[in-house]
>>> print(open('protein29.txt').read())   # compact mmCIF, C-alpha atoms
# COMPACT_ATOMS: atom_id res chain seq x y z
CA MET A 1 97.86 127.30 88.29
CA MET A 2 100.44 125.81 85.95
CA ASP A 3 101.12 127.75 82.77
CA ILE A 4 101.75 125.63 79.64
CA LYS A 5 102.68 126.94 76.22
CA GLN A 6 104.05 125.50 72.99
CA ILE A 7 107.23 126.76 71.36
CA GLU A 8 109.33 125.80 68.33
CA VAL A 9 113.11 125.52 68.52
CA THR A 10 115.50 124.15 65.93
CA VAL A 11 117.99 121.36 66.39
CA GLY A 12 120.74 123.88 65.75
CA GLU A 13 119.48 126.12 68.57
CA VAL A 14 119.29 123.21 71.01
CA CYS A 15 122.81 122.04 70.08
CA GLU A 16 124.29 125.51 70.61
CA GLY A 17 126.69 125.36 73.55
CA TYR A 18 126.12 121.61 74.04
CA PHE A 19 128.19 120.21 76.88
CA ASN A 20 128.10 116.67 78.31
CA ASP A 21 130.09 115.73 81.39
CA ALA A 22 129.44 112.86 83.79
CA GLU A 23 130.00 115.06 86.83
CA GLU A 24 129.09 118.56 85.63
CA GLY A 25 125.92 117.56 83.80
CA VAL A 26 124.49 118.02 80.31
CA VAL A 27 123.46 121.40 78.94
CA GLY A 28 122.51 122.92 75.58
CA TYR A 29 120.45 125.73 74.02
CA ASP A 30 123.27 128.21 74.61
CA GLU A 31 123.64 126.87 78.18
CA ARG A 32 120.03 127.78 78.97
CA LEU A 33 118.72 124.20 78.89
CA ASP A 34 119.55 121.61 81.54
CA ILE A 35 119.22 118.46 79.46
CA ARG A 36 119.78 116.05 82.33
CA PRO A 37 118.28 117.41 85.56
CA ARG A 38 119.31 115.69 88.78
CA TYR A 39 116.23 113.44 88.79
CA GLN A 40 116.86 112.16 85.27
CA ARG A 41 118.70 108.95 84.38
CA GLU A 42 121.89 108.63 82.40
CA PHE A 43 121.61 108.06 78.67
CA VAL A 44 119.98 104.66 78.11
CA TYR A 45 119.01 104.59 74.43
CA THR A 46 120.50 101.72 72.45
CA GLY A 47 122.53 102.49 69.34
CA LYS A 48 119.56 101.45 67.21
CA GLN A 49 117.16 103.79 69.03
CA ARG A 50 119.66 106.64 68.86
CA ASP A 51 120.21 106.13 65.12
CA GLU A 52 116.46 106.07 64.43
CA VAL A 53 116.13 109.52 66.00
CA ILE A 54 118.68 110.85 63.51
CA ARG A 55 117.08 109.07 60.55
CA THR A 56 113.69 110.51 61.52
CA VAL A 57 115.10 114.03 61.42
CA MET A 58 116.99 113.38 58.17
CA LYS A 59 113.74 112.29 56.53
CA GLY A 60 111.89 115.32 57.86
CA LEU A 61 109.43 113.12 59.75
CA PRO A 62 107.98 114.36 63.06
CA LEU A 63 109.52 113.45 66.40
CA ASN A 64 107.23 113.15 69.37
CA VAL A 65 106.63 116.39 71.24
CA MET A 66 109.11 117.23 74.03
CA TYR A 67 108.46 118.80 77.40
CA TRP A 68 110.52 121.42 79.22
CA CYS A 69 110.06 123.17 82.55
CA LYS A 70 110.98 126.78 83.19
CA THR A 71 113.64 127.24 85.85
CA GLY A 72 114.17 131.01 85.39
CA ASP A 73 113.28 133.91 83.13
CA ASP A 74 115.13 132.34 80.20
CA SER A 75 116.31 128.95 81.47
CA TYR A 76 114.77 125.51 81.27
CA GLU A 77 115.21 121.85 82.11
CA VAL A 78 114.14 118.84 80.05
CA LEU A 79 111.14 117.14 81.60
CA ASP A 80 110.65 114.55 78.86
CA GLY A 81 112.80 114.06 75.75
CA GLN A 82 116.28 113.79 77.21
CA GLN A 83 117.15 110.69 75.16
CA ARG A 84 116.14 112.30 71.87
CA THR A 85 117.85 115.57 72.73
CA VAL A 86 121.14 113.91 73.66
CA SER A 87 120.98 111.76 70.51
CA LEU A 88 120.65 114.86 68.32
CA CYS A 89 123.32 116.84 70.14
CA GLU A 90 125.80 113.96 70.18
CA TYR A 91 125.34 113.40 66.44
CA VAL A 92 125.84 117.07 65.58
CA ASP A 93 128.84 117.06 67.93
CA GLY A 94 130.38 114.23 65.90
CA SER A 95 130.26 111.53 68.57
CA PHE A 96 128.82 108.79 66.35
CA SER A 97 127.87 108.03 62.75
CA VAL A 98 124.60 106.90 61.19
CA ASP A 99 124.75 104.66 58.14
CA ASP A 100 128.53 105.27 58.07
CA MET A 101 128.06 109.04 57.83
CA TYR A 102 129.16 111.45 60.55
CA PHE A 103 127.48 114.84 60.68
CA ASP A 104 130.56 116.57 59.24
CA ASN A 105 130.60 114.09 56.32
CA LEU A 106 127.11 115.06 55.19
CA PRO A 107 126.58 117.44 52.27
CA GLN A 108 126.07 121.05 53.30
CA ASP A 109 122.35 121.00 52.48
CA LYS A 110 121.81 117.90 54.63
CA ARG A 111 123.61 119.49 57.57
CA GLU A 112 121.50 122.62 57.21
CA GLN A 113 118.35 120.52 57.00
CA ILE A 114 119.17 118.81 60.30
CA LEU A 115 120.13 122.05 62.07
CA GLY A 116 116.97 123.73 60.82
CA TYR A 117 114.66 120.90 61.83
CA LYS A 118 111.97 122.22 64.16
CA LEU A 119 111.34 120.57 67.50
CA PHE A 120 107.93 121.08 69.07
CA VAL A 121 108.21 121.68 72.78
CA TYR A 122 105.65 122.22 75.51
CA VAL A 123 107.02 124.48 78.25
CA CYS A 124 105.41 124.39 81.68
CA ASP A 125 105.83 126.87 84.50
CA GLY A 126 104.53 126.16 87.99
CA THR A 127 105.39 124.93 91.46
CA ASP A 128 107.72 121.98 92.04
CA SER A 129 104.82 119.72 93.00
CA GLU A 130 102.88 120.74 89.85
CA LYS A 131 105.90 120.00 87.68
CA LEU A 132 106.39 116.59 89.29
CA ASP A 133 102.72 115.73 88.87
CA TRP A 134 102.97 116.65 85.21
CA PHE A 135 106.14 114.61 84.94
CA ARG A 136 104.32 111.51 86.20
CA ILE A 137 101.46 112.09 83.75
CA ILE A 138 103.65 112.36 80.66
CA ASN A 139 105.90 109.47 81.64
CA ILE A 140 103.81 107.07 79.57
CA ALA A 141 105.96 106.37 76.51
CA GLY A 142 109.53 105.70 75.46
CA GLU A 143 112.02 104.72 78.14
CA LYS A 144 109.76 104.94 81.18
CA LEU A 145 111.19 105.95 84.52
CA THR A 146 111.61 103.27 87.13
CA ASP A 147 110.06 103.64 90.58
CA GLN A 148 113.43 104.68 91.98
CA GLU A 149 113.94 107.31 89.29
CA LEU A 150 110.59 108.80 90.22
CA ARG A 151 111.59 108.74 93.89
CA ASN A 152 114.79 110.57 92.97
CA ALA A 153 112.63 113.30 91.47
CA VAL A 154 110.33 113.58 94.47
CA TYR A 155 113.17 113.56 97.03
CA ALA A 156 115.73 115.50 94.98
CA GLY A 157 118.40 117.19 97.07
CA PRO A 158 122.04 116.91 98.11
CA TRP A 159 121.56 113.45 99.61
CA THR A 160 120.06 112.01 96.42
CA SER A 161 122.75 113.60 94.26
CA ASP A 162 125.50 112.12 96.43
CA ALA A 163 123.81 108.72 96.63
CA LYS A 164 123.73 108.58 92.83
CA ARG A 165 127.47 109.20 92.80
CA TYR A 166 127.95 106.00 94.80
CA PHE A 167 125.28 103.82 93.22
CA SER A 168 124.00 105.19 89.90
CA LYS A 169 126.92 105.90 87.58
CA THR A 170 128.55 103.54 85.14
CA GLY A 171 131.56 102.09 86.95
CA CYS A 172 130.42 103.62 90.26
CA PRO A 173 131.88 102.46 93.61
CA ALA A 174 128.94 100.13 94.27
CA SER A 175 129.44 98.44 90.92
CA GLN A 176 133.13 97.92 91.57
CA LEU A 177 132.58 96.66 95.12
CA ALA A 178 129.50 94.51 94.72
CA GLY A 179 128.53 94.11 91.07
CA ASP A 180 128.73 90.33 91.46
CA TYR A 181 126.17 90.41 94.28
CA LEU A 182 123.53 92.73 92.78
CA ASN A 183 120.96 92.43 90.02
CA GLY A 184 119.96 95.26 87.70
CA LYS A 185 121.69 98.25 86.16
CA THR A 186 123.30 101.19 87.87
CA ILE A 187 121.97 103.79 85.43
CA ARG A 188 118.39 102.58 85.92
CA GLN A 189 118.82 103.25 89.66
CA GLU A 190 118.41 99.57 90.57
CA TYR A 191 121.59 99.44 92.67
CA LEU A 192 120.48 102.54 94.55
CA GLU A 193 117.00 101.12 95.10
CA THR A 194 118.47 97.90 96.48
CA ALA A 195 120.80 99.70 98.88
CA VAL A 196 118.09 102.07 100.12
CA SER A 197 115.58 99.23 100.56
CA TRP A 198 118.07 97.34 102.74
CA ALA A 199 118.93 100.39 104.82
CA ALA A 200 115.27 101.32 105.19
CA ALA A 201 114.40 97.80 106.33
CA ALA A 202 117.11 97.99 109.00
CA SER A 203 115.16 100.79 110.68
CA GLY A 204 111.70 99.45 109.85
CA GLU A 205 110.97 102.14 107.25
CA THR A 206 109.74 102.27 103.69
CA ILE A 207 112.09 103.47 100.96
CA GLU A 208 110.06 106.67 100.69
CA ALA A 209 110.25 107.35 104.43
CA TYR A 210 114.00 106.74 104.45
CA MET A 211 114.62 109.09 101.52
CA ALA A 212 112.37 111.78 102.98
CA LYS A 213 114.27 111.62 106.27
CA HIS A 214 117.65 111.97 104.57
CA GLN A 215 116.66 114.21 101.64
CA HIS A 216 118.46 117.28 102.96
CA ASP A 217 121.52 115.51 104.40
CA PRO A 218 124.69 116.98 102.90
CA SER A 219 125.94 113.56 101.79
CA ALA A 220 124.96 109.89 101.51
CA VAL A 221 128.10 108.60 103.21
CA SER A 222 126.05 106.85 105.92
CA LEU A 223 124.22 104.80 103.26
CA TRP A 224 127.50 103.97 101.57
CA ASN A 225 129.09 102.88 104.86
CA TYR A 226 126.08 100.68 105.61
CA PHE A 227 126.28 99.12 102.14
CA ARG A 228 129.99 98.44 102.54
CA SER A 229 129.30 96.79 105.90
CA VAL A 230 126.79 94.46 104.24
CA ILE A 231 129.21 93.37 101.54
CA ASP A 232 132.11 93.03 104.01
CA TRP A 233 129.93 90.77 106.18
CA VAL A 234 128.89 88.62 103.22
CA GLN A 235 132.46 88.18 102.06
CA ALA A 236 133.60 87.36 105.59
CA ILE A 237 131.11 84.57 106.30
CA PHE A 238 130.87 83.23 102.73
CA PRO A 239 134.39 83.91 101.41
CA LYS A 240 134.07 81.71 98.31
CA TYR A 241 131.94 83.43 95.68
CA ARG A 242 129.44 81.41 93.64
CA LYS A 243 127.12 82.67 90.92
CA GLU A 244 124.12 81.70 93.06
CA MET A 245 125.00 84.57 95.40
CA LYS A 246 124.03 87.19 92.83
CA GLY A 247 120.78 89.00 93.51
CA LEU A 248 120.12 87.62 96.99
CA PRO A 249 118.74 90.04 99.63
CA TRP A 250 122.06 90.27 101.45
CA GLY A 251 121.14 93.46 103.26
CA LEU A 252 118.11 91.80 104.82
CA PHE A 253 120.25 88.83 105.88
CA TYR A 254 122.79 91.26 107.34
CA ASN A 255 120.14 93.19 109.26
CA GLU A 256 118.94 90.01 110.95
CA HIS A 257 122.13 88.02 111.43
CA LYS A 258 125.06 90.46 111.61
CA ASP A 259 125.47 90.11 115.40
CA ARG A 260 125.56 86.33 115.48
CA THR A 261 128.76 84.75 116.80
CA ASP A 262 128.05 81.18 115.67
CA LEU A 263 128.66 81.73 111.96
CA ASP A 264 131.94 79.93 111.26
CA PRO A 265 133.10 80.61 107.67
CA LYS A 266 134.87 77.23 107.39
CA VAL A 267 131.85 75.29 108.57
CA LEU A 268 129.54 77.32 106.35
CA GLU A 269 131.72 76.74 103.30
CA SER A 270 131.68 73.00 103.95
CA ASP A 271 127.89 73.10 104.24
CA VAL A 272 127.53 75.19 101.08
CA SER A 273 129.68 72.76 99.12
CA ARG A 274 127.69 69.77 100.40
CA LEU A 275 124.31 71.31 99.61
CA MET A 276 125.36 72.50 96.18
CA ALA A 277 126.27 68.89 95.34
CA ASP A 278 123.05 67.46 96.82
CA GLU A 279 120.70 66.41 94.00
CA ASP A 280 117.71 66.79 96.30
CA VAL A 281 118.33 70.55 96.56
CA THR A 282 116.62 72.01 93.50
CA LYS A 283 117.00 75.69 94.43
CA LYS A 284 120.73 76.23 94.86
CA SER A 285 120.40 79.99 95.49
CA GLY A 286 118.37 79.14 98.59
CA VAL A 287 121.36 77.44 100.23
CA TYR A 288 122.59 80.66 101.83
CA GLU A 289 119.26 81.61 103.38
CA TYR A 290 118.82 78.04 104.60
CA LEU A 291 122.18 78.07 106.37
CA LEU A 292 121.28 81.33 108.07
CA THR A 293 117.69 80.49 109.00
CA GLY A 294 117.38 76.70 108.92
CA LYS A 295 114.21 76.93 106.80
CA GLU A 296 114.12 73.95 104.44
CA ARG A 297 111.54 75.62 102.20
CA CYS A 298 114.39 77.83 100.92
CA LEU A 299 115.89 74.81 99.20
CA SER A 300 112.84 73.43 97.36
CA ILE A 301 113.81 69.88 98.31
CA ARG A 302 113.09 67.41 95.53
CA ALA A 303 109.67 65.89 96.11
CA PHE A 304 108.78 62.20 96.11
CA ASP A 305 107.32 61.26 92.74
CA ASP A 306 103.96 59.57 92.26
CA ARG A 307 105.55 56.15 91.88
CA MET A 308 107.32 56.46 95.25
CA LYS A 309 104.11 57.69 96.92
CA ARG A 310 102.06 54.79 95.53
CA ALA A 311 104.67 52.22 96.60
CA ALA A 312 104.77 53.59 100.16
CA TYR A 313 100.97 53.77 100.34
CA GLU A 314 100.57 50.14 99.25
CA ARG A 315 103.33 49.03 101.60
CA GLN A 316 101.48 50.67 104.51
CA GLY A 317 98.10 49.38 103.38
CA GLY A 318 96.82 52.96 103.38
CA VAL A 319 97.36 53.29 107.14
CA CYS A 320 99.10 56.33 108.63
CA PRO A 321 101.92 54.96 110.83
CA TYR A 322 101.50 57.83 113.32
CA CYS A 323 97.77 57.72 114.16
CA GLY A 324 96.92 54.22 112.83
CA GLN A 325 93.96 55.43 110.80
CA HIS A 326 93.20 54.45 107.19
CA PHE A 327 93.12 57.12 104.48
CA GLU A 328 92.82 57.36 100.73
CA LEU A 329 96.06 58.13 98.89
CA SER A 330 94.77 61.60 97.97
CA GLU A 331 94.33 62.36 101.69
CA MET A 332 97.96 61.61 102.59
CA HIS A 333 101.28 63.45 102.26
CA ALA A 334 104.68 61.99 101.41
CA ASP A 335 107.31 62.35 104.14
CA HIS A 336 110.95 61.42 104.72
CA ILE A 337 111.26 58.57 107.24
CA LYS A 338 114.76 59.72 108.07
CA PRO A 339 114.54 63.54 107.89
CA TRP A 340 116.26 65.09 104.91
CA ALA A 341 118.13 67.47 107.24
CA LYS A 342 119.70 64.42 108.92
CA GLY A 343 120.84 62.86 105.67
CA GLY A 344 117.65 61.10 104.64
CA PRO A 345 117.48 60.80 100.84
CA THR A 346 114.43 61.36 98.65
CA THR A 347 114.11 57.71 97.66
CA ALA A 348 111.33 55.13 97.65
CA GLU A 349 112.90 53.32 100.62
CA ASN A 350 112.87 56.51 102.70
CA CYS A 351 109.28 57.48 101.85
CA GLN A 352 106.28 57.13 104.12
CA MET A 353 102.74 58.42 103.72
CA LEU A 354 101.23 60.40 106.59
CA CYS A 355 97.78 61.83 106.98
CA ARG A 356 97.55 65.59 106.71
CA ASP A 357 97.24 66.23 110.46
CA CYS A 358 100.12 63.95 111.42
CA ASN A 359 102.34 65.42 108.72
CA LEU A 360 101.65 68.94 110.03
CA LYS A 361 102.37 67.84 113.61
CA LYS A 362 105.64 66.25 112.57
CA SER A 363 106.61 69.42 110.67
CA ASP A 364 105.86 71.51 113.75
CA ASP A 365 108.02 69.22 115.88
>>> encode(input="protein29.txt", output="structure tokens")
Amino acid sequence: MMDIKQIEVTVGEVCEGYFNDAEEGVVGYDERLDIRPRYQREFVYTGKQRDEVIRTVMKGLPLNVMYWCKTGDDSYEVLDGQQRTVSLCEYVDGSFSVDDMYFDNLPQDKREQILGYKLFVYVCDGTDSEKLDWFRIINIAGEKLTDQELRNAVYAGPWTSDAKRYFSKTGCPASQLAGDYLNGKTIRQEYLETAVSWAAAASGETIEAYMAKHQHDPSAVSLWNYFRSVIDWVQAIFPKYRKEMKGLPWGLFYNEHKDRTDLDPKVLESDVSRLMADEDVTKKSGVYEYLLTGKERCLSIRAFDDRMKRAAYERQGGVCPYCGQHFELSEMHADHIKPWAKGGPTTAENCQMLCRDCNLKKSDD
């Protein structure tokens, strides 16, 4: 059964021995408190949020309760409250000013007030699974954890720690190699989630299954090598970068098409250029998937407008040219006489109205 108790510690006590290093971690409370455990994110508070924490303490107003977990007889890790704790420690350490006043510039009584400010902390002691369950429960306010950050907690180990080195740090290798191709932020674990989801899909697994399988691997070099292979492949077949390439599921494309020998970069570039200039293509980011799969739906081809449909319907006398039957306009679908894929434009002259069944048959053909 988990044991939970409330304690009071001062800001000064928490800031004692404060140390913040990107590789070594973040500690305080005379080196007895791990402020950023391995499942926690990097600091994500904005300057405004950070400053409000300091102003709250300066005014003597209450901060929300914090949560720690026991890791030893007299050692702890922050379960919830990392952002507030780092804000306080960084201010006392002189890393930033609030209202143009650094900590050392404050009058002595103001400094003592801040250092003597009492933080209310709940400390829990229990099994790893109990701590993680509690962590999920209290993760209901402030800067909530993302799904991937929660996965990092559940599957914490050497593999996760090494994977974060590649994908989760500001200026990390993944950001330098492929920042132009990925959406999201490294410190919110979105690059890592993308990479793992691609690798998991390659072996038909969920993200959770993939991480569980690799949790105790000594390193994440296999994931990094896979990710590099994806980006190398993308840059080889589509050597000219365009902004529409950002955020596409390149790993899924790679998994399906990496062994194809018919992908000529010069031909593909010519096709990309042509489709990007085509006014009928309304979804430019879909060009790349279309060229790999041939699925026109990826492009959201410009539809015939109501005027074009009415003109074609009247011209045909309401008769479907395929089956010869008469239909109401509402029962018919607009179709390219000369297929769009063969250069047929979306114009009134190239529009015909087909009944639903004939249109589906033509699409299947």
>>> atom_distance(input="protein29.txt", atom1="CA of Ala195 in chain A", atom2="CA of Ala220 in chain A")
11.3 Å
>>> residues_around(input="protein29.txt", residues="Arg151 in chain A", least_positions_apart="3", cutoff="9 Å", atoms="all atoms listed in the file", output="VMD selection string")
chain A and resid 39 146 to 148 154 to 156 207 to 208 211
>>> atom_distance(input="protein29.txt", atom1="CA of Val57 in chain A", atom2="CA of Ile4 in chain A")
25.4 Å
>>> residues_around(input="protein29.txt", residues="range 29-36 of chain A", least_positions_apart="2", cutoff="10 Å", atoms="only C-alpha atoms", output="VMD selection string")
chain A and resid 9 to 20 25 to 27 38 to 43 68 to 72 74 to 83 85 to 86
>>> residues_around(input="protein29.txt", residues="range 319-332 of chain A", least_positions_apart="6", cutoff="7 Å", atoms="all atoms listed in the file", output="NGL selection string")
:A and (313 or 353-356 or 358)
>>> closest_residue(input="protein29.txt", among="A:Leu115, A:Met66, A:Ile337, A:Val281", to="Glu296 in chain A", atoms="all atoms listed in the file")
A:Val281
>>> atom_distance(input="protein29.txt", atom1="CA of Lys185 in chain A", atom2="CA of Glu205 in chain A")
24.0 Å
>>> closest_residue(input="protein29.txt", among="A:Ser285, A:Gly60, A:Glu190, A:Gly317", to="Arg242 in chain A", atoms="all atoms listed in the file")
A:Ser285
>>> build_atoms(input="protein29.txt", residues="range 316-329 of chain A", atoms="N, CA and C atoms", output="PDB file, keeping the file's coordinate frame")
ATOM      1  N   GLN A 316     102.113  50.367 103.224  1.00  0.00           N
ATOM      2  CA  GLN A 316     101.480  50.670 104.510  1.00  0.00           C
ATOM      3  C   GLN A 316     100.025  50.219 104.561  1.00  0.00           C
ATOM      4  N   GLY A 317      99.502  49.778 103.420  1.00  0.00           N
ATOM      5  CA  GLY A 317      98.100  49.380 103.380  1.00  0.00           C
ATOM      6  C   GLY A 317      97.165  50.564 103.591  1.00  0.00           C
ATOM      7  N   GLY A 318      97.633  51.768 103.252  1.00  0.00           N
ATOM      8  CA  GLY A 318      96.820  52.960 103.380  1.00  0.00           C
ATOM      9  C   GLY A 318      96.677  53.465 104.808  1.00  0.00           C
ATOM     10  N   VAL A 319      97.462  52.916 105.722  1.00  0.00           N
ATOM     11  CA  VAL A 319      97.360  53.290 107.140  1.00  0.00           C
ATOM     12  C   VAL A 319      98.471  54.267 107.503  1.00  0.00           C
ATOM     13  N   CYS A 320      98.106  55.351 108.151  1.00  0.00           N
ATOM     14  CA  CYS A 320      99.100  56.330 108.630  1.00  0.00           C
ATOM     15  C   CYS A 320      99.841  55.723 109.808  1.00  0.00           C
ATOM     16  N   PRO A 321     101.163  55.600 109.743  1.00  0.00           N
ATOM     17  CA  PRO A 321     101.920  54.960 110.830  1.00  0.00           C
ATOM     18  C   PRO A 321     101.915  55.759 112.131  1.00  0.00           C
ATOM     19  N   TYR A 322     101.489  56.996 112.111  1.00  0.00           N
ATOM     20  CA  TYR A 322     101.500  57.830 113.320  1.00  0.00           C
ATOM     21  C   TYR A 322     100.196  57.675 114.109  1.00  0.00           C
ATOM     22  N   CYS A 323      99.055  57.775 113.433  1.00  0.00           N
ATOM     23  CA  CYS A 323      97.770  57.720 114.160  1.00  0.00           C
ATOM     24  C   CYS A 323      97.055  56.393 113.990  1.00  0.00           C
ATOM     25  N   GLY A 324      97.518  55.534 113.030  1.00  0.00           N
ATOM     26  CA  GLY A 324      96.920  54.220 112.830  1.00  0.00           C
ATOM     27  C   GLY A 324      95.615  54.218 112.083  1.00  0.00           C
ATOM     28  N   GLN A 325      95.217  55.336 111.518  1.00  0.00           N
ATOM     29  CA  GLN A 325      93.960  55.430 110.800  1.00  0.00           C
ATOM     30  C   GLN A 325      94.183  55.187 109.301  1.00  0.00           C
ATOM     31  N   HIS A 326      93.132  54.712 108.622  1.00  0.00           N
ATOM     32  CA  HIS A 326      93.200  54.450 107.190  1.00  0.00           C
ATOM     33  C   HIS A 326      92.735  55.676 106.403  1.00  0.00           C
ATOM     34  N   PHE A 327      93.452  55.964 105.317  1.00  0.00           N
ATOM     35  CA  PHE A 327      93.120  57.120 104.480  1.00  0.00           C
ATOM     36  C   PHE A 327      93.276  56.747 103.017  1.00  0.00           C
ATOM     37  N   GLU A 328      92.593  57.489 102.162  1.00  0.00           N
ATOM     38  CA  GLU A 328      92.820  57.360 100.730  1.00  0.00           C
ATOM     39  C   GLU A 328      94.166  58.026 100.387  1.00  0.00           C
ATOM     40  N   LEU A 329      94.752  57.589  99.286  1.00  0.00           N
ATOM     41  CA  LEU A 329      96.060  58.130  98.890  1.00  0.00           C
ATOM     42  C   LEU A 329      96.006  59.653  98.743  1.00  0.00           C
TER      43      LEU A 329
END
